[in-house]
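Asker: query-v7.pdb (PDB, C-alpha atoms) pasted underneath:
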```
ATOM      1  CA  MET A   1     117.267  81.956  84.696
ATOM      2  CA  PRO A   2     119.067  85.296  85.230
ATOM      3  CA  VAL A   3     119.085  88.035  82.662
ATOM      4  CA  LEU A   4     122.584  88.439  81.300
ATOM      5  CA  PRO A   5     124.002  91.935  81.735
ATOM      6  CA  GLY A   6     124.967  93.915  78.665
ATOM      7  CA  PRO A   7     126.668  94.815  76.532
ATOM      8  CA  TYR A   8     125.526  92.039  74.251
ATOM      9  CA  GLU A   9     127.882  90.636  71.674
ATOM     10  CA  ILE A  10     125.911  88.201  69.583
ATOM     11  CA  LEU A  11     128.043  85.837  67.519
ATOM     12  CA  GLU A  12     127.085  86.491  63.937
ATOM     13  CA  LEU A  13     128.666  84.229  61.359
ATOM     14  CA  GLY A  14     128.004  84.251  57.640
ATOM     15  CA  ASP A  15     127.254  81.130  55.633
ATOM     16  CA  GLY A  16     130.413  79.021  55.863
ATOM     17  CA  GLY A  17     131.938  81.321  58.471
ATOM     18  CA  SER A  18     133.567  79.863  61.536
ATOM     19  CA  LEU A  19     134.994  80.730  64.921
ATOM     20  CA  THR A  20     137.814  78.729  66.476
ATOM     21  CA  THR A  21     138.641  79.416  70.095
ATOM     22  CA  THR A  22     139.289  78.143  73.564
ATOM     23  CA  ILE A  23     136.724  79.034  76.230
ATOM     24  CA  LEU A  24     137.842  80.650  79.462
ATOM     25  CA  LYS A  25     134.464  80.787  81.178
ATOM     26  CA  SER A  26     130.800  80.442  80.333
ATOM     27  CA  GLU A  27     127.547  81.876  81.640
ATOM     28  CA  GLU A  28     123.950  81.030  80.958
ATOM     29  CA  GLY A  29     121.052  83.400  81.041
ATOM     30  CA  GLU A  30     118.343  85.121  79.101
ATOM     31  CA  MET A  31     118.191  88.197  76.958
ATOM     32  CA  THR A  32     115.407  90.015  75.203
ATOM     33  CA  ILE A  33     115.856  90.514  71.496
ATOM     34  CA  ASN A  34     114.011  92.818  69.153
ATOM     35  CA  PRO A  35     113.631  91.106  65.770
ATOM     36  CA  ARG A  36     114.522  93.389  62.874
ATOM     37  CA  ASP A  37     111.443  92.322  60.927
ATOM     38  CA  GLY A  38     109.079  94.070  63.283
ATOM     39  CA  ARG A  39     107.946  91.068  65.302
ATOM     40  CA  SER A  40     107.455  91.707  69.003
ATOM     41  CA  PRO A  41     110.414  91.385  71.417
ATOM     42  CA  LYS A  42     111.239  87.853  72.503
ATOM     43  CA  THR A  43     113.129  86.449  75.495
ATOM     44  CA  ILE A  44     115.658  83.810  74.512
ATOM     45  CA  GLN A  45     118.166  81.563  76.233
ATOM     46  CA  VAL A  46     121.772  82.575  75.764
ATOM     47  CA  VAL A  47     125.148  81.042  76.434
ATOM     48  CA  ARG A  48     127.905  83.595  76.902
ATOM     49  CA  VAL A  49     131.384  82.245  76.230
ATOM     50  CA  HIS A  50     134.376  84.245  77.391
ATOM     51  CA  VAL A  51     137.273  83.891  74.972
ATOM     52  CA  PRO A  52     140.961  84.848  75.104
ATOM     53  CA  PRO A  53     142.201  88.157  73.637
ATOM     54  CA  GLU A  54     143.885  86.236  70.800
ATOM     55  CA  THR A  55     140.409  85.264  69.629
ATOM     56  CA  LYS A  56     138.709  88.578  70.273
ATOM     57  CA  PRO A  57     141.036  91.510  70.951
ATOM     58  CA  LEU A  58     138.275  94.089  71.285
ATOM     59  CA  PHE A  59     135.926  94.646  74.224
ATOM     60  CA  PRO A  60     133.862  92.789  75.343
ATOM     61  CA  GLY A  61     135.867  89.593  75.626
ATOM     62  CA  TYR A  62     132.974  87.262  75.013
ATOM     63  CA  TYR A  63     130.407  86.105  72.507
ATOM     64  CA  ASP A  64     126.719  85.579  73.182
ATOM     65  CA  LEU A  65     125.411  82.473  71.473
ATOM     66  CA  THR A  66     121.716  82.843  70.773
ATOM     67  CA  SER A  67     120.879  80.156  68.207
ATOM     68  CA  SER A  68     118.805  77.572  70.065
ATOM     69  CA  THR A  69     120.255  74.837  67.855
ATOM     70  CA  LEU A  70     123.796  75.883  68.616
ATOM     71  CA  VAL A  71     123.050  76.226  72.331
ATOM     72  CA  ALA A  72     121.598  72.679  72.390
ATOM     73  CA  GLN A  73     124.744  71.373  70.693
ATOM     74  CA  LEU A  74     127.331  73.285  72.673
ATOM     75  CA  LYS A  75     126.016  73.623  76.225
ATOM     76  CA  PRO A  76     126.496  69.975  77.255
ATOM     77  CA  LEU A  77     130.062  70.093  75.932
ATOM     78  CA  LEU A  78     131.130  73.108  77.957
ATOM     79  CA  SER A  79     132.256  70.903  80.843
ATOM     80  CA  THR A  80     134.925  69.454  78.542
ATOM     81  CA  LEU A  81     135.936  72.846  77.133
ATOM     82  CA  VAL A  82     135.914  75.536  79.801
ATOM     83  CA  GLY A  83     139.184  76.467  81.435
ATOM     84  CA  ASN A  84     141.456  74.192  79.476
ATOM     85  CA  SER A  85     143.388  74.360  76.257
ATOM     86  CA  ARG A  86     140.907  72.442  74.111
ATOM     87  CA  GLN A  87     139.618  74.364  71.159
ATOM     88  CA  VAL A  88     136.165  74.397  69.685
ATOM     89  CA  ARG A  89     135.359  75.340  66.113
ATOM     90  CA  ILE A  90     131.841  76.543  65.335
ATOM     91  CA  THR A  91     130.924  76.672  61.650
ATOM     92  CA  LYS A  92     127.665  78.028  60.332
ATOM     93  CA  VAL A  93     126.147  76.390  57.274
ATOM     94  CA  GLY A  94     123.260  78.131  55.539
ATOM     95  CA  VAL A  95     121.330  81.164  56.640
ATOM     96  CA  ALA A  96     118.623  81.768  59.230
ATOM     97  CA  PRO A  97     116.084  80.397  59.839
ATOM     98  CA  ARG A  98     117.491  77.213  58.280
ATOM     99  CA  ALA A  99     121.082  77.671  59.387
ATOM    100  CA  ARG A 100     122.817  74.716  60.973
ATOM    101  CA  PHE A 101     126.039  74.589  62.915
ATOM    102  CA  THR A 102     128.878  72.133  62.897
ATOM    103  CA  VAL A 103     130.580  72.057  66.280
ATOM    104  CA  GLU A 104     134.016  70.512  66.385
ATOM    105  CA  VAL A 105     135.797  69.804  69.634
ATOM    106  CA  ILE A 106     139.438  69.688  68.618
TER     107      ILE A 106
ATOM    108  CA  MET B   1     110.961  74.020  59.212
ATOM    109  CA  THR B   2     108.260  74.085  61.870
ATOM    110  CA  GLU B   3     108.977  75.153  65.424
ATOM    111  CA  LYS B   4     107.848  71.695  66.602
ATOM    112  CA  VAL B   5     110.349  69.842  64.395
ATOM    113  CA  ARG B   6     113.109  72.224  65.395
ATOM    114  CA  THR B   7     112.392  71.718  69.111
ATOM    115  CA  TYR B   8     112.424  67.935  68.624
ATOM    116  CA  GLN B   9     115.789  68.105  66.854
ATOM    117  CA  GLN B  10     117.174  70.300  69.613
ATOM    118  CA  ARG B  11     116.224  67.676  72.205
ATOM    119  CA  GLU B  12     118.026  65.016  70.206
ATOM    120  CA  MET B  13     121.013  67.279  69.751
ATOM    121  CA  ARG B  14     121.157  68.029  73.471
ATOM    122  CA  MET B  15     120.896  64.323  74.280
ATOM    123  CA  LEU B  16     123.705  63.553  71.836
ATOM    124  CA  SER B  17     126.020  66.282  73.151
ATOM    125  CA  GLU B  18     125.486  65.118  76.732
ATOM    126  CA  PHE B  19     126.267  61.545  75.750
ATOM    127  CA  ILE B  20     129.443  62.639  73.979
ATOM    128  CA  ALA B  21     130.605  64.739  76.937
ATOM    129  CA  ARG B  22     130.143  61.690  79.193
ATOM    130  CA  GLU B  23     131.495  58.951  76.947
ATOM    131  CA  TYR B  24     134.137  60.677  74.863
ATOM    132  CA  PRO B  25     135.334  63.644  76.947
ATOM    133  CA  THR B  26     138.858  63.672  75.523
ATOM    134  CA  ASP B  27     138.264  62.673  71.917
ATOM    135  CA  ARG B  28     138.071  64.966  68.919
ATOM    136  CA  VAL B  29     134.416  65.192  67.960
ATOM    137  CA  LEU B  30     132.433  66.726  65.112
ATOM    138  CA  ILE B  31     128.765  67.370  65.740
ATOM    139  CA  ASN B  32     126.447  67.866  62.787
ATOM    140  CA  GLN B  33     129.173  67.195  60.253
ATOM    141  CA  ARG B  34     128.447  67.288  56.540
ATOM    142  CA  LEU B  35     129.590  64.259  54.611
ATOM    143  CA  GLY B  36     130.582  63.542  51.035
ATOM    144  CA  VAL B  37     132.315  65.532  48.349
ATOM    145  CA  VAL B  38     132.163  69.317  48.303
ATOM    146  CA  SER B  39     132.511  69.956  44.598
ATOM    147  CA  PRO B  40     129.357  70.237  42.506
ATOM    148  CA  SER B  41     128.369  67.226  40.440
ATOM    149  CA  ILE B  42     128.175  69.311  37.268
ATOM    150  CA  GLU B  43     131.154  70.892  35.519
ATOM    151  CA  VAL B  44     131.077  74.608  36.169
ATOM    152  CA  GLU B  45     133.797  77.202  36.188
ATOM    153  CA  GLY B  46     134.249  80.626  37.644
ATOM    154  CA  LEU B  47     132.122  80.110  40.730
ATOM    155  CA  SER B  48     132.796  82.075  43.883
ATOM    156  CA  PRO B  49     133.403  80.116  47.108
ATOM    157  CA  GLU B  50     129.884  81.112  48.236
ATOM    158  CA  GLU B  51     128.391  79.722  45.023
ATOM    159  CA  VAL B  52     130.313  76.465  45.365
ATOM    160  CA  ARG B  53     129.063  76.191  48.938
ATOM    161  CA  ALA B  54     125.548  76.856  47.768
ATOM    162  CA  LEU B  55     125.836  73.942  45.342
ATOM    163  CA  GLY B  56     127.040  71.770  48.176
ATOM    164  CA  VAL B  57     123.938  72.117  50.316
ATOM    165  CA  PHE B  58     122.799  68.619  49.399
ATOM    166  CA  ARG B  59     125.549  67.027  51.420
ATOM    167  CA  ARG B  60     124.237  64.754  54.148
ATOM    168  CA  TYR B  61     124.731  65.444  57.832
ATOM    169  CA  ALA B  62     125.937  62.924  60.372
ATOM    170  CA  ASP B  63     124.777  63.765  63.884
ATOM    171  CA  ALA B  64     128.275  63.163  65.243
ATOM    172  CA  ILE B  65     131.623  61.694  64.374
ATOM    173  CA  VAL B  66     134.011  60.735  67.153
ATOM    174  CA  ILE B  67     137.625  60.497  66.082
ATOM    175  CA  GLN B  68     139.672  57.933  67.962
ATOM    176  CA  PRO B  69     143.215  56.760  67.251
ATOM    177  CA  ASP B  70     142.093  53.518  65.622
ATOM    178  CA  ARG B  71     138.572  54.265  64.401
ATOM    179  CA  LEU B  72     135.853  56.742  63.545
ATOM    180  CA  ILE B  73     132.490  56.379  65.249
ATOM    181  CA  ILE B  74     129.468  57.712  63.333
ATOM    182  CA  ILE B  75     126.563  58.363  65.688
ATOM    183  CA  GLU B  76     122.927  58.981  64.842
ATOM    184  CA  ALA B  77     120.817  60.051  67.810
ATOM    185  CA  GLU B  78     117.062  59.520  67.952
ATOM    186  CA  ILE B  79     114.760  59.694  70.924
ATOM    187  CA  ARG B  80     112.486  57.107  69.336
ATOM    188  CA  PRO B  81     114.372  55.442  66.504
ATOM    189  CA  SER B  82     112.978  55.200  63.011
ATOM    190  CA  PRO B  83     113.859  52.230  60.750
ATOM    191  CA  GLY B  84     115.560  54.619  58.319
ATOM    192  CA  VAL B  85     118.396  55.199  60.754
ATOM    193  CA  VAL B  86     119.995  51.902  59.680
ATOM    194  CA  SER B  87     120.222  52.866  56.014
ATOM    195  CA  GLN B  88     121.262  56.380  57.002
ATOM    196  CA  LEU B  89     124.278  54.981  58.826
ATOM    197  CA  ASP B  90     125.105  52.636  55.934
ATOM    198  CA  LEU B  91     125.053  55.632  53.611
ATOM    199  CA  TYR B  92     127.215  57.729  55.911
ATOM    200  CA  GLU B  93     129.743  54.922  56.096
ATOM    201  CA  ARG B  94     130.082  55.141  52.307
ATOM    202  CA  LEU B  95     130.285  58.925  52.285
ATOM    203  CA  LEU B  96     132.777  59.300  55.074
ATOM    204  CA  PRO B  97     135.909  58.328  53.092
ATOM    205  CA  THR B  98     135.038  60.951  50.450
ATOM    206  CA  THR B  99     134.597  63.776  52.965
ATOM    207  CA  PRO B 100     137.405  66.322  52.559
ATOM    208  CA  GLU B 101     137.099  67.575  56.145
ATOM    209  CA  LEU B 102     138.101  64.071  57.249
ATOM    210  CA  ALA B 103     140.769  63.392  54.635
ATOM    211  CA  ASP B 104     143.412  63.000  57.356
ATOM    212  CA  GLN B 105     141.381  60.151  58.885
ATOM    213  CA  ARG B 106     141.158  57.931  55.816
ATOM    214  CA  GLY B 107     141.954  54.266  56.353
ATOM    215  CA  LYS B 108     140.594  54.078  59.875
ATOM    216  CA  ARG B 109     137.963  51.527  60.785
ATOM    217  CA  ILE B 110     134.435  52.943  60.799
ATOM    218  CA  GLN B 111     132.039  52.034  63.573
ATOM    219  CA  LYS B 112     128.352  52.880  63.260
ATOM    220  CA  MET B 113     126.252  53.643  66.312
ATOM    221  CA  ILE B 114     122.604  54.404  67.045
ATOM    222  CA  LEU B 115     121.951  56.311  70.232
ATOM    223  CA  TRP B 116     118.374  56.164  71.435
ATOM    224  CA  VAL B 117     116.156  56.724  74.418
ATOM    225  CA  ILE B 118     113.288  54.347  73.653
ATOM    226  CA  PRO B 119     114.715  50.921  72.843
ATOM    227  CA  ASP B 120     113.427  48.951  69.883
ATOM    228  CA  PRO B 121     114.380  45.249  69.983
ATOM    229  CA  VAL B 122     113.369  44.605  66.382
ATOM    230  CA  LEU B 123     115.394  47.497  65.085
ATOM    231  CA  GLU B 124     118.270  46.472  67.311
ATOM    232  CA  THR B 125     118.307  43.051  65.652
ATOM    233  CA  ILE B 126     118.378  44.651  62.213
ATOM    234  CA  ALA B 127     121.078  47.081  63.341
ATOM    235  CA  ARG B 128     123.249  44.213  64.516
ATOM    236  CA  GLU B 129     122.920  42.579  61.095
ATOM    237  CA  HIS B 130     124.349  45.807  59.668
ATOM    238  CA  ASP B 131     127.253  45.908  62.139
ATOM    239  CA  ILE B 132     125.712  48.810  63.999
ATOM    240  CA  VAL B 133     126.230  49.244  67.729
ATOM    241  CA  VAL B 134     123.202  50.404  69.716
ATOM    242  CA  ARG B 135     123.469  52.474  72.890
ATOM    243  CA  GLN B 136     120.744  53.768  75.140
ATOM    244  CA  TYR B 137     121.053  57.067  76.963
ATOM    245  CA  ILE B 138     118.232  58.472  79.059
ATOM    246  CA  PRO B 139     118.876  62.065  80.117
ATOM    247  CA  ALA B 140     117.192  63.030  83.396
ATOM    248  CA  TRP B 141     115.329  65.880  81.716
ATOM    249  CA  ILE B 142     113.729  63.747  79.033
ATOM    250  CA  ASN B 143     111.193  61.935  81.217
ATOM    251  CA  ASP B 144     108.806  64.887  81.262
ATOM    252  CA  TYR B 145     108.934  65.028  77.484
ATOM    253  CA  ILE B 146     108.430  61.263  77.037
ATOM    254  CA  GLY B 147     105.518  61.444  79.460
ATOM    255  CA  SER B 148     103.876  64.075  77.292
ATOM    256  CA  LEU B 149     103.863  61.814  74.190
ATOM    257  CA  ASP B 150     100.958  59.659  73.067
ATOM    258  CA  HIS B 151     101.320  56.075  74.250
ATOM    259  CA  ARG B 152     101.949  54.812  70.695
ATOM    260  CA  LYS B 153     104.931  57.129  70.402
ATOM    261  CA  ARG B 154     106.462  55.871  73.635
ATOM    262  CA  VAL B 155     106.651  52.202  72.744
ATOM    263  CA  ALA B 156     108.961  50.212  70.505
ATOM    264  CA  THR B 157     108.149  47.905  67.608
ATOM    265  CA  LYS B 158     106.504  44.694  68.860
ATOM    266  CA  MET B 159     108.423  41.485  68.074
ATOM    267  CA  ALA B 160     105.404  39.140  68.394
ATOM    268  CA  ILE B 161     101.616  39.369  68.607
TER     269      ILE B 161
END
```
Here is the file; what I need is its structure written in the form of structure tokens.
Answerer:
Amino acid sequence: MPVLPGPYEILELGDGGSLTTTILKSEEGEMTINPRDGRSPKTIQVVRVHVPPETKPLFPGYYDLTSSTLVAQLKPLLSTLVGNSRQVRITKVGVAPRARFTVEVI
Amino acid sequence: MTEKVRTYQQREMRMLSEFIAREYPTDRVLINQRLGVVSPSIEVEGLSPEEVRALGVFRRYADAIVIQPDRLIIIEAEIRPSPGVVSQLDLYERLLPTTPELADQRGKRIQKMILWVIPDPVLETIAREHDIVVRQYIPAWINDYIGSLDHRKRVATKMAI
């Protein structure tokens, strides 16, 4: 799997926080993260979703989704979401490492 | 939660999302939706939204809810089904009408569905008695995983000796 080029823009939601958007394009790849707690760097699978300026006015125009749970939920649905007007709402419930995500295809 | 459990759940989640993309590509869908009332069961005042949410962590999760014009389909996905999935779905059916996120869907018929990889004829019979539809979906990528399981974990409940 290719390494995604930077800059990285990891989607960080708080408990109960959500993102509602359409998806213009998606990419899959890997990135290396450096955990803040001092653990050694780790390579993880990432889905990068490009979103419209209405969702994210500031550069870069995408979010990197790094939660393996969220990636497992969302990746198979991208074929029904990318390049059309359907919206997806991602809501985070709880905090890492026990956070879960509700994914709603609207 | 152990890494092993998490990886197992991610496989089931991936299987479920693939199934939904294939079977319900145009329907509104909620994956991993919490069910039941939001408000705490004890009378408390002056809580912040975060505190109310924290008290709501005991809400149950349905793997998926598909919203169709005439019905709601509650889906539980399991690679190898456990007997508890039947009572889980019965419980979710009760909780669904009290779920505020789905208040606009009240009054619709509720259909319960088990999605599995490894079929279980005994459980299927019980599921039918509970008005539960059973569907099998075998993703191409799952064969390697199934092959790595012990034999006893790859087979269904036996109906007869």
Asker: Give me, as a list in words, all polymer residues having an atom no more than 8 Å from segment 61-67 of chain B, counting all atoms listed in the file and skipping those fewer than 2 positions away in the same chain.
Answerer: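 The residues satisfying every condition are Met13, Tyr24, Asp27, Arg28, Val29, Leu30, Ile31, Asn32, Gln33, Arg34, Leu35, Arg59, Pro69, Arg71, Leu72, Ile73, Ile74, Ile75, Glu76, Ala77 and Tyr92 of chain B.
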Asker: For atom CA of Lys92 of chain A and atom CA of Val134 of chain B, determine how far apart the two atoms are, in Å to one decimal place.
Answerer: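 One can read the atom CA of Lys92 of chain A to atom CA of Val134 of chain B distance as 29.5 Å.
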Asker: Let me make sure I understand: among A:Pro76, A:Pro60, A:Pro35, A:Pro5, which one has the smallest atom-to-atom distance to chain B if we use only C-alpha atoms?
Answerer: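 The closest residue to chain B is A:Pro76.
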Asker: So what does the PyMOL selection byres ((chain B and resi 119) around 8) actually pick up in this one, as a PyMOL selection string?
Answerer: chain B and resi 80-81+116-118+120-121+124+136+156
Asker: What does the distance between atom CA of Val105 of chain A and atom CA of Arg86 of chain A come to in Å, to one decimal place?
Answerer: 7.3 Å
Asker: If I take atom CA of Ala21 of chain B and atom CA of Thr98 of chain B, how far is one from the other in Å, to one decimal?
Answerer: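 Interatomic distance here is 27.1 Å.
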Asker: Using only C-alpha atoms, find which residues of chain A lie within 12 Å of chain B and jot them down as a ChimeraX atom specification.
Answerer: /A:14-17,67-81,84-106
Asker: Once the PyMOL selection byres ((chain A and resi 11) around 6) has been evaluated on this model, what residues remain selected, and can you format them as a PyMOL selection string?
Answerer: chain A and resi 10+12+63-65
Asker: Rank B:Thr99, B:Gln68, B:Ser148, B:Ser87 by their smallest atom-to-atom distance to Leu123 of chain B, using only C-alpha atoms, and report the top residue only.
Answerer: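 Comparing B:Thr99, B:Gln68, B:Ser148, B:Ser87 against Leu123 of chain B, the winner is B:Ser87.
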Asker: A:Leu13, A:Val82, A:Val49, A:Ile44: which is nearest Glu27 of chain A, counting all atoms listed in the file?
Answerer: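 Among A:Leu13, A:Val82, A:Val49, A:Ile44, it is A:Val49 that comes nearest to Glu27 of chain A.
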Asker: Name the residues that the PyMOL selection byres ((chain A and resi 31) around 8) pulls out of this structure, and write them as a PDB file with C-alpha atoms, in the frame of the given file.
Answerer:
```pdb
ATOM      1  CA  VAL A   3     119.085  88.035  82.662  1.00  0.00           C
ATOM      2  CA  LEU A   4     122.584  88.439  81.300  1.00  0.00           C
ATOM      3  CA  GLY A  29     121.052  83.400  81.041  1.00  0.00           C
ATOM      4  CA  GLU A  30     118.343  85.121  79.101  1.00  0.00           C
ATOM      5  CA  THR A  32     115.407  90.015  75.203  1.00  0.00           C
ATOM      6  CA  ILE A  33     115.856  90.514  71.496  1.00  0.00           C
ATOM      7  CA  THR A  43     113.129  86.449  75.495  1.00  0.00           C
ATOM      8  CA  ILE A  44     115.658  83.810  74.512  1.00  0.00           C
ATOM      9  CA  GLN A  45     118.166  81.563  76.233  1.00  0.00           C
ATOM     10  CA  VAL A  46     121.772  82.575  75.764  1.00  0.00           C
TER      11      VAL A  46
END
```
Asker: Of the candidates A:Ser40, A:Asn34, A:Thr66, A:Thr55, which one gets nearest to Leu19 of chain A if we count all atoms listed in the file?
Answerer: A:Thr55
Asker: Working from the structure I just supplied, which lacks atoms in segment 88-97 of chain A, can you model all heavy atoms there and output them as a PDB file, in the coordinates of the input?
Answerer:
```
ATOM      1  N   VAL A  88     137.411  74.754  70.344  1.00  0.00           N
ATOM      2  CA  VAL A  88     136.165  74.397  69.685  1.00  0.00           C
ATOM      3  C   VAL A  88     136.052  75.238  68.417  1.00  0.00           C
ATOM      4  O   VAL A  88     136.460  76.403  68.398  1.00  0.00           O
ATOM      5  CB  VAL A  88     134.949  74.619  70.624  1.00  0.00           C
ATOM      6  CG1 VAL A  88     134.794  76.079  71.009  1.00  0.00           C
ATOM      7  CG2 VAL A  88     133.652  74.106  69.979  1.00  0.00           C
ATOM      8  N   ARG A  89     135.585  74.610  67.356  1.00  0.00           N
ATOM      9  CA  ARG A  89     135.359  75.340  66.113  1.00  0.00           C
ATOM     10  C   ARG A  89     133.864  75.282  65.790  1.00  0.00           C
ATOM     11  O   ARG A  89     133.286  74.200  65.699  1.00  0.00           O
ATOM     12  CB  ARG A  89     136.154  74.737  64.962  1.00  0.00           C
ATOM     13  CG  ARG A  89     135.917  75.470  63.624  1.00  0.00           C
ATOM     14  CD  ARG A  89     136.688  74.844  62.474  1.00  0.00           C
ATOM     15  NE  ARG A  89     138.118  74.888  62.733  1.00  0.00           N
ATOM     16  CZ  ARG A  89     138.944  73.862  62.604  1.00  0.00           C
ATOM     17  NH1 ARG A  89     138.486  72.689  62.227  1.00  0.00           N
ATOM     18  NH2 ARG A  89     140.231  73.982  62.846  1.00  0.00           N
ATOM     19  N   ILE A  90     133.269  76.458  65.652  1.00  0.00           N
ATOM     20  CA  ILE A  90     131.841  76.543  65.335  1.00  0.00           C
ATOM     21  C   ILE A  90     131.723  77.050  63.904  1.00  0.00           C
ATOM     22  O   ILE A  90     132.234  78.124  63.586  1.00  0.00           O
ATOM     23  CB  ILE A  90     131.136  77.526  66.295  1.00  0.00           C
ATOM     24  CG1 ILE A  90     131.254  77.027  67.744  1.00  0.00           C
ATOM     25  CG2 ILE A  90     129.670  77.703  65.905  1.00  0.00           C
ATOM     26  CD1 ILE A  90     130.851  78.087  68.770  1.00  0.00           C
ATOM     27  N   THR A  91     131.086  76.275  63.060  1.00  0.00           N
ATOM     28  CA  THR A  91     130.924  76.672  61.650  1.00  0.00           C
ATOM     29  C   THR A  91     129.451  76.749  61.307  1.00  0.00           C
ATOM     30  O   THR A  91     128.698  75.815  61.586  1.00  0.00           O
ATOM     31  CB  THR A  91     131.607  75.648  60.721  1.00  0.00           C
ATOM     32  OG1 THR A  91     132.967  75.499  61.117  1.00  0.00           O
ATOM     33  CG2 THR A  91     131.552  76.094  59.259  1.00  0.00           C
ATOM     34  N   LYS A  92     129.067  77.860  60.721  1.00  0.00           N
ATOM     35  CA  LYS A  92     127.665  78.028  60.332  1.00  0.00           C
ATOM     36  C   LYS A  92     127.485  77.599  58.877  1.00  0.00           C
ATOM     37  O   LYS A  92     128.286  77.946  58.011  1.00  0.00           O
ATOM     38  CB  LYS A  92     127.262  79.493  60.495  1.00  0.00           C
ATOM     39  CG  LYS A  92     125.789  79.754  60.222  1.00  0.00           C
ATOM     40  CD  LYS A  92     125.475  81.217  60.489  1.00  0.00           C
ATOM     41  CE  LYS A  92     124.026  81.532  60.209  1.00  0.00           C
ATOM     42  NZ  LYS A  92     123.722  82.953  60.438  1.00  0.00           N
ATOM     43  N   VAL A  93     126.451  76.822  58.635  1.00  0.00           N
ATOM     44  CA  VAL A  93     126.147  76.390  57.274  1.00  0.00           C
ATOM     45  C   VAL A  93     124.727  76.829  56.955  1.00  0.00           C
ATOM     46  O   VAL A  93     123.789  76.482  57.653  1.00  0.00           O
ATOM     47  CB  VAL A  93     126.257  74.857  57.128  1.00  0.00           C
ATOM     48  CG1 VAL A  93     125.985  74.446  55.685  1.00  0.00           C
ATOM     49  CG2 VAL A  93     127.617  74.367  57.584  1.00  0.00           C
ATOM     50  N   GLY A  94     124.586  77.639  55.904  1.00  0.00           N
ATOM     51  CA  GLY A  94     123.260  78.131  55.539  1.00  0.00           C
ATOM     52  C   GLY A  94     122.956  79.440  56.258  1.00  0.00           C
ATOM     53  O   GLY A  94     123.799  80.000  56.960  1.00  0.00           O
ATOM     54  N   VAL A  95     121.758  79.898  56.038  1.00  0.00           N
ATOM     55  CA  VAL A  95     121.330  81.164  56.640  1.00  0.00           C
ATOM     56  C   VAL A  95     120.043  80.961  57.427  1.00  0.00           C
ATOM     57  O   VAL A  95     119.269  80.043  57.146  1.00  0.00           O
ATOM     58  CB  VAL A  95     121.117  82.270  55.571  1.00  0.00           C
ATOM     59  CG1 VAL A  95     122.438  82.672  54.938  1.00  0.00           C
ATOM     60  CG2 VAL A  95     120.163  81.818  54.486  1.00  0.00           C
ATOM     61  N   ALA A  96     119.826  81.850  58.400  1.00  0.00           N
ATOM     62  CA  ALA A  96     118.623  81.768  59.230  1.00  0.00           C
ATOM     63  C   ALA A  96     117.392  81.874  58.344  1.00  0.00           C
ATOM     64  O   ALA A  96     117.427  82.586  57.338  1.00  0.00           O
ATOM     65  CB  ALA A  96     118.641  82.880  60.265  1.00  0.00           C
ATOM     66  N   PRO A  97     116.278  81.221  58.645  1.00  0.00           N
ATOM     67  CA  PRO A  97     116.084  80.397  59.839  1.00  0.00           C
ATOM     68  C   PRO A  97     116.480  78.933  59.658  1.00  0.00           C
ATOM     69  O   PRO A  97     116.229  78.122  60.518  1.00  0.00           O
ATOM     70  CB  PRO A  97     114.565  80.499  60.044  1.00  0.00           C
ATOM     71  CG  PRO A  97     114.014  80.602  58.657  1.00  0.00           C
ATOM     72  CD  PRO A  97     115.037  81.372  57.870  1.00  0.00           C
TER      73      PRO A  97
END
```
